[in-house]
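This is protein17.cif (mmCIF, C-alpha atoms).
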```
data_query
#
loop_
_atom_site.group_PDB
_atom_site.id
_atom_site.type_symbol
_atom_site.label_atom_id
_atom_site.label_comp_id
_atom_site.auth_asym_id
_atom_site.auth_seq_id
_atom_site.Cartn_x
_atom_site.Cartn_y
_atom_site.Cartn_z
ATOM 1 C CA MET A 43 -19.387 -76.091 13.303
ATOM 2 C CA ASP A 44 -15.964 -77.513 14.023
ATOM 3 C CA PRO A 45 -14.893 -77.060 17.673
ATOM 4 C CA GLY A 46 -11.647 -75.444 16.511
ATOM 5 C CA VAL A 47 -13.506 -72.849 14.430
ATOM 6 C CA ALA A 48 -15.924 -72.128 17.290
ATOM 7 C CA PHE A 49 -13.003 -71.847 19.716
ATOM 8 C CA GLY A 50 -11.322 -69.328 17.439
ATOM 9 C CA GLN A 51 -14.440 -67.144 17.308
ATOM 10 C CA VAL A 52 -14.872 -67.299 21.095
ATOM 11 C CA LEU A 53 -11.196 -66.480 21.597
ATOM 12 C CA ARG A 54 -11.372 -63.432 19.309
ATOM 13 C CA GLY A 55 -14.512 -62.195 21.078
ATOM 14 C CA LEU A 56 -13.008 -62.552 24.563
ATOM 15 C CA ARG A 57 -9.731 -60.945 23.482
ATOM 16 C CA ARG A 58 -11.526 -57.923 22.019
ATOM 17 C CA GLU A 59 -13.765 -57.603 25.095
ATOM 18 C CA ALA A 60 -10.592 -57.538 27.186
ATOM 19 C CA GLY A 61 -9.190 -54.816 24.912
ATOM 20 C CA LEU A 62 -6.088 -56.856 24.082
ATOM 21 C CA SER A 63 -4.183 -57.059 20.809
ATOM 22 C CA GLN A 64 -3.146 -60.496 19.525
ATOM 23 C CA GLU A 65 0.398 -59.589 20.514
ATOM 24 C CA GLN A 66 -0.590 -58.659 24.075
ATOM 25 C CA LEU A 67 -2.605 -61.848 24.521
ATOM 26 C CA ALA A 68 0.221 -63.957 23.100
ATOM 27 C CA PHE A 69 2.701 -62.348 25.481
ATOM 28 C CA SER A 70 0.417 -62.882 28.473
ATOM 29 C CA ALA A 71 -0.354 -66.500 27.520
ATOM 30 C CA GLU A 72 3.292 -67.195 26.648
ATOM 31 C CA ILE A 73 2.584 -68.424 23.122
ATOM 32 C CA GLU A 74 3.643 -67.147 19.680
ATOM 33 C CA ARG A 75 1.674 -64.142 18.360
ATOM 34 C CA ASN A 76 1.231 -65.858 15.019
ATOM 35 C CA PHE A 77 -0.304 -68.815 16.861
ATOM 36 C CA VAL A 78 -3.062 -66.580 18.310
ATOM 37 C CA SER A 79 -3.919 -65.448 14.788
ATOM 38 C CA LEU A 80 -3.996 -69.035 13.460
ATOM 39 C CA ILE A 81 -6.200 -70.215 16.344
ATOM 40 C CA GLU A 82 -8.622 -67.305 15.950
ATOM 41 C CA ARG A 83 -9.021 -68.117 12.265
ATOM 42 C CA GLY A 84 -9.680 -71.779 13.080
ATOM 43 C CA VAL A 85 -6.597 -72.831 11.106
ATOM 44 C CA ASN A 86 -4.738 -74.235 14.076
ATOM 45 C CA GLN A 87 -6.295 -76.559 16.678
ATOM 46 C CA PRO A 88 -5.080 -75.528 20.144
ATOM 47 C CA SER A 89 -3.932 -78.273 22.508
ATOM 48 C CA ILE A 90 -5.330 -78.576 26.006
ATOM 49 C CA ARG A 91 -2.215 -76.886 27.382
ATOM 50 C CA VAL A 92 -2.685 -73.881 25.086
ATOM 51 C CA ILE A 93 -6.417 -73.728 25.912
ATOM 52 C CA PHE A 94 -5.535 -73.438 29.611
ATOM 53 C CA LYS A 95 -2.875 -70.792 28.916
ATOM 54 C CA LEU A 96 -5.267 -68.667 26.846
ATOM 55 C CA ALA A 97 -8.129 -68.992 29.347
ATOM 56 C CA HIS A 98 -5.810 -68.043 32.206
ATOM 57 C CA ALA A 99 -4.550 -64.994 30.303
ATOM 58 C CA LEU A 100 -8.167 -63.937 29.678
ATOM 59 C CA GLY A 101 -9.136 -64.356 33.319
ATOM 60 C CA ILE A 102 -11.670 -67.157 32.865
ATOM 61 C CA SER A 103 -11.483 -70.897 33.448
ATOM 62 C CA ALA A 104 -10.868 -73.307 30.581
ATOM 63 C CA SER A 105 -14.189 -75.056 31.304
ATOM 64 C CA GLN A 106 -16.068 -71.739 31.096
ATOM 65 C CA MET A 107 -14.332 -71.060 27.807
ATOM 66 C CA LEU A 108 -15.458 -74.434 26.404
ATOM 67 C CA LEU A 109 -18.994 -73.710 27.592
ATOM 68 C CA LEU A 110 -18.907 -70.600 25.375
ATOM 69 C CA VAL A 111 -17.564 -72.774 22.547
ATOM 70 C CA GLU A 112 -20.434 -75.251 22.985
ATOM 71 C CA ASN A 113 -22.955 -72.397 22.910
ATOM 72 C CA LYS A 114 -21.316 -71.042 19.764
ATOM 73 C CA MET A 115 -21.580 -74.469 18.126
ATOM 74 C CA LEU A 116 -25.285 -74.658 19.052
ATOM 75 C CA ASP A 117 -25.850 -71.158 17.614
ATOM 76 C CA GLY A 118 -24.198 -72.385 14.440
ATOM 77 C CA LEU A 119 -26.636 -75.313 14.254
ATOM 78 C CA ARG A 120 -29.661 -73.077 14.853
ATOM 79 C CA SER A 121 -28.702 -70.687 12.068
ATOM 80 C CA ASP A 122 -28.084 -73.475 9.508
ATOM 81 C CA MET B 1227 -0.120 -80.434 37.584
ATOM 82 C CA ASP B 1228 0.047 -79.998 33.813
ATOM 83 C CA PRO B 1229 -3.422 -79.793 32.176
ATOM 84 C CA GLY B 1230 -2.441 -82.602 29.783
ATOM 85 C CA VAL B 1231 -1.510 -84.921 32.653
ATOM 86 C CA ALA B 1232 -4.714 -84.076 34.537
ATOM 87 C CA PHE B 1233 -6.744 -84.616 31.355
ATOM 88 C CA GLY B 1234 -5.179 -88.045 30.910
ATOM 89 C CA GLN B 1235 -6.107 -89.101 34.432
ATOM 90 C CA VAL B 1236 -9.679 -87.825 34.022
ATOM 91 C CA LEU B 1237 -9.975 -89.583 30.671
ATOM 92 C CA ARG B 1238 -8.784 -92.906 32.114
ATOM 93 C CA GLY B 1239 -11.214 -92.600 35.032
ATOM 94 C CA LEU B 1240 -14.204 -91.833 32.811
ATOM 95 C CA ARG B 1241 -13.309 -94.593 30.347
ATOM 96 C CA ARG B 1242 -13.086 -97.184 33.136
ATOM 97 C CA GLU B 1243 -16.335 -95.966 34.718
ATOM 98 C CA ALA B 1244 -17.964 -96.464 31.311
ATOM 99 C CA GLY B 1245 -16.516 -99.986 31.143
ATOM 100 C CA LEU B 1246 -14.720 -99.302 27.859
ATOM 101 C CA SER B 1247 -11.339 -100.561 26.679
ATOM 102 C CA GLN B 1248 -8.942 -98.078 25.069
ATOM 103 C CA GLU B 1249 -9.735 -99.761 21.764
ATOM 104 C CA GLN B 1250 -13.492 -99.366 22.218
ATOM 105 C CA LEU B 1251 -13.159 -95.708 23.184
ATOM 106 C CA ALA B 1252 -10.823 -95.042 20.261
ATOM 107 C CA PHE B 1253 -13.290 -96.645 17.849
ATOM 108 C CA SER B 1254 -16.200 -94.663 19.264
ATOM 109 C CA ALA B 1255 -14.267 -91.375 19.242
ATOM 110 C CA GLU B 1256 -12.799 -92.099 15.787
ATOM 111 C CA ILE B 1257 -9.177 -91.681 16.852
ATOM 112 C CA GLU B 1258 -6.200 -94.080 16.896
ATOM 113 C CA ARG B 1259 -6.126 -96.566 19.798
ATOM 114 C CA ASN B 1260 -2.494 -95.729 20.469
ATOM 115 C CA PHE B 1261 -3.492 -92.078 20.761
ATOM 116 C CA VAL B 1262 -5.883 -92.884 23.651
ATOM 117 C CA SER B 1263 -3.011 -94.569 25.484
ATOM 118 C CA LEU B 1264 -0.658 -91.616 24.890
ATOM 119 C CA ILE B 1265 -3.263 -89.093 26.066
ATOM 120 C CA GLU B 1266 -4.102 -91.109 29.189
ATOM 121 C CA ARG B 1267 -0.420 -91.199 30.111
ATOM 122 C CA GLY B 1268 -0.109 -87.445 29.593
ATOM 123 C CA VAL B 1269 2.440 -87.972 26.818
ATOM 124 C CA ASN B 1270 0.294 -86.489 24.099
ATOM 125 C CA GLN B 1271 -1.621 -83.203 24.404
ATOM 126 C CA PRO B 1272 -5.067 -83.601 22.825
ATOM 127 C CA SER B 1273 -6.308 -80.832 20.536
ATOM 128 C CA ILE B 1274 -9.683 -79.197 21.057
ATOM 129 C CA ARG B 1275 -11.138 -81.356 18.282
ATOM 130 C CA VAL B 1276 -9.962 -84.554 19.990
ATOM 131 C CA ILE B 1277 -11.232 -83.322 23.381
ATOM 132 C CA PHE B 1278 -14.702 -82.877 21.863
ATOM 133 C CA LYS B 1279 -14.562 -86.313 20.190
ATOM 134 C CA LEU B 1280 -13.545 -88.044 23.437
ATOM 135 C CA ALA B 1281 -16.144 -86.207 25.537
ATOM 136 C CA HIS B 1282 -18.860 -87.033 23.010
ATOM 137 C CA ALA B 1283 -17.856 -90.711 23.003
ATOM 138 C CA LEU B 1284 -18.022 -90.712 26.819
ATOM 139 C CA GLY B 1285 -21.455 -89.064 26.881
ATOM 140 C CA ILE B 1286 -20.449 -85.840 28.623
ATOM 141 C CA SER B 1287 -19.805 -82.337 27.358
ATOM 142 C CA ALA B 1288 -16.292 -81.087 26.725
ATOM 143 C CA SER B 1289 -16.824 -78.270 29.250
ATOM 144 C CA GLN B 1290 -17.880 -80.784 31.934
ATOM 145 C CA MET B 1291 -14.771 -82.791 31.154
ATOM 146 C CA LEU B 1292 -12.541 -79.713 31.616
ATOM 147 C CA LEU B 1293 -14.308 -78.977 34.906
ATOM 148 C CA LEU B 1294 -13.172 -82.421 36.090
ATOM 149 C CA VAL B 1295 -9.663 -81.612 34.824
ATOM 150 C CA GLU B 1296 -9.656 -78.337 36.786
ATOM 151 C CA ASN B 1297 -10.764 -80.178 39.937
ATOM 152 C CA LYS B 1298 -8.028 -82.749 39.393
ATOM 153 C CA MET B 1299 -5.443 -79.970 39.073
ATOM 154 C CA LEU B 1300 -6.695 -78.384 42.323
ATOM 155 C CA ASP B 1301 -6.487 -81.777 44.065
ATOM 156 C CA GLY B 1302 -2.905 -82.000 42.837
ATOM 157 C CA LEU B 1303 -2.102 -78.604 44.378
ATOM 158 C CA ARG B 1304 -3.714 -79.534 47.720
ATOM 159 C CA SER B 1305 -1.714 -82.745 48.019
ATOM 160 C CA ASP B 1306 1.621 -81.091 47.163
#
```
Representation of the structure as structure tokens:
Amino acid sequence: MDPGVAFGQVLRGLRREAGLSQEQLAFSAEIERNFVSLIERGVNQPSIRVIFKLAHALGISASQMLLLVENKMLDGLRSD
Amino acid sequence: MDPGVAFGQVLRGLRREAGLSQEQLAFSAEIERNFVSLIERGVNQPSIRVIFKLAHALGISASQMLLLVENKMLDGLRSD
């Protein structure tokens, strides 16, 4: 699984757990709402700056977020 | 400290510890050599895909690499 695709799935999961709309998350992270949608669908690869903004807005660290991404990628391998 | 700047400093440190030139790291990570230079100088913000490629080439996980970036950013705050 591509890291960008895994990141998008993790992002969507964390956003929903937090009870936030894409618009609310975008506002909090100071990025475009459309960008949240593109990242969640794995279309757009977030930069390190955007990763930190999103993690901060979700109340976790960027490294914790990437740990979830790595676990997601491993899950993807296991289910292949 | 901007996450991109901190990432560049961490990347340079890890690359030197590994005894690799920018060209060798670029080859191993399958990215342009010039791109390694731009990232190390904090000019270019790496995408999540590039972060994973660089971490893999350096033999650490992407989440471990971001942990080092977070520590670097905290160091930056302390020395302000």
Can you list what the PyMOL selection byres ((chain B) within 7 of (chain A)) grabs from this structure, as a list in words?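 Applied to this file, the PyMOL selection byres ((chain B) within 7 of (chain A)) returns Pro1229, Gly1230, Gln1271, Pro1272, Ser1273, Ile1274, Arg1275, Ala1288, Ser1289, Gln1290, Leu1292 and Leu1293 of chain B.
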Might you pull out every residue within 8 Å of Ala1283 in chain B, with all atoms listed in the file counted and same-chain residues fewer than 4 positions away left off, and present them as number ranges by chain? B: 1251, 1254-1255, 1279
What is the distance between CA of Met115 in chain A and CA of Arg57 in chain A, in Å to one decimal? 18.8 Å
So which one's closest to Glu1256 in chain B, B:Ala1281, B:Leu1300, B:Ala1244, B:Met1227? Using only C-alpha atoms, please. B:Ala1281
Taking only C-alpha atoms into account, which of B:Arg1267, B:Arg1304, B:Arg1259, B:His1282 comes nearest Gly1234 in chain B?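 The closest residue to Gly1234 in chain B is B:Arg1267.
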So what do you get for CA of Ala68 in chain A versus CA of Lys114 in chain A, distance-wise?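 Those two atoms sit 22.9 Å apart.
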Excluding Glu65 in chain A and its own-chain neighbours fewer than 4 positions away, which residues fall within 10 Å of it when counting all atoms listed in the file? Please give them as a list in words.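 Final neighbour list, sorted by chain and number: Phe69, Ser70, Ala71, Ile73, Glu74, Arg75, Asn76, Phe77, Val78 and Ser79 of chain A.
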Please compute the CA of Ile81 in chain A-CA of Ser63 in chain A distance, one decimal, in Å.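 Computing the Euclidean distance for CA of Ile81 in chain A and CA of Ser63 in chain A yields 14.0 Å.
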Using all atoms of range 1249-1255 of chain B that appear in the file, construct an axis-aligned enclosing box with 6 Å of padding on every side and provide its centre coordinates and edge lengths in Å, rounded to one decimal, as lines of an AutoDock Vina configuration file.
```
center_x = -13.0
center_y = -95.6
center_z = 20.5
size_x = 18.5
size_y = 20.4
size_z = 17.3
```
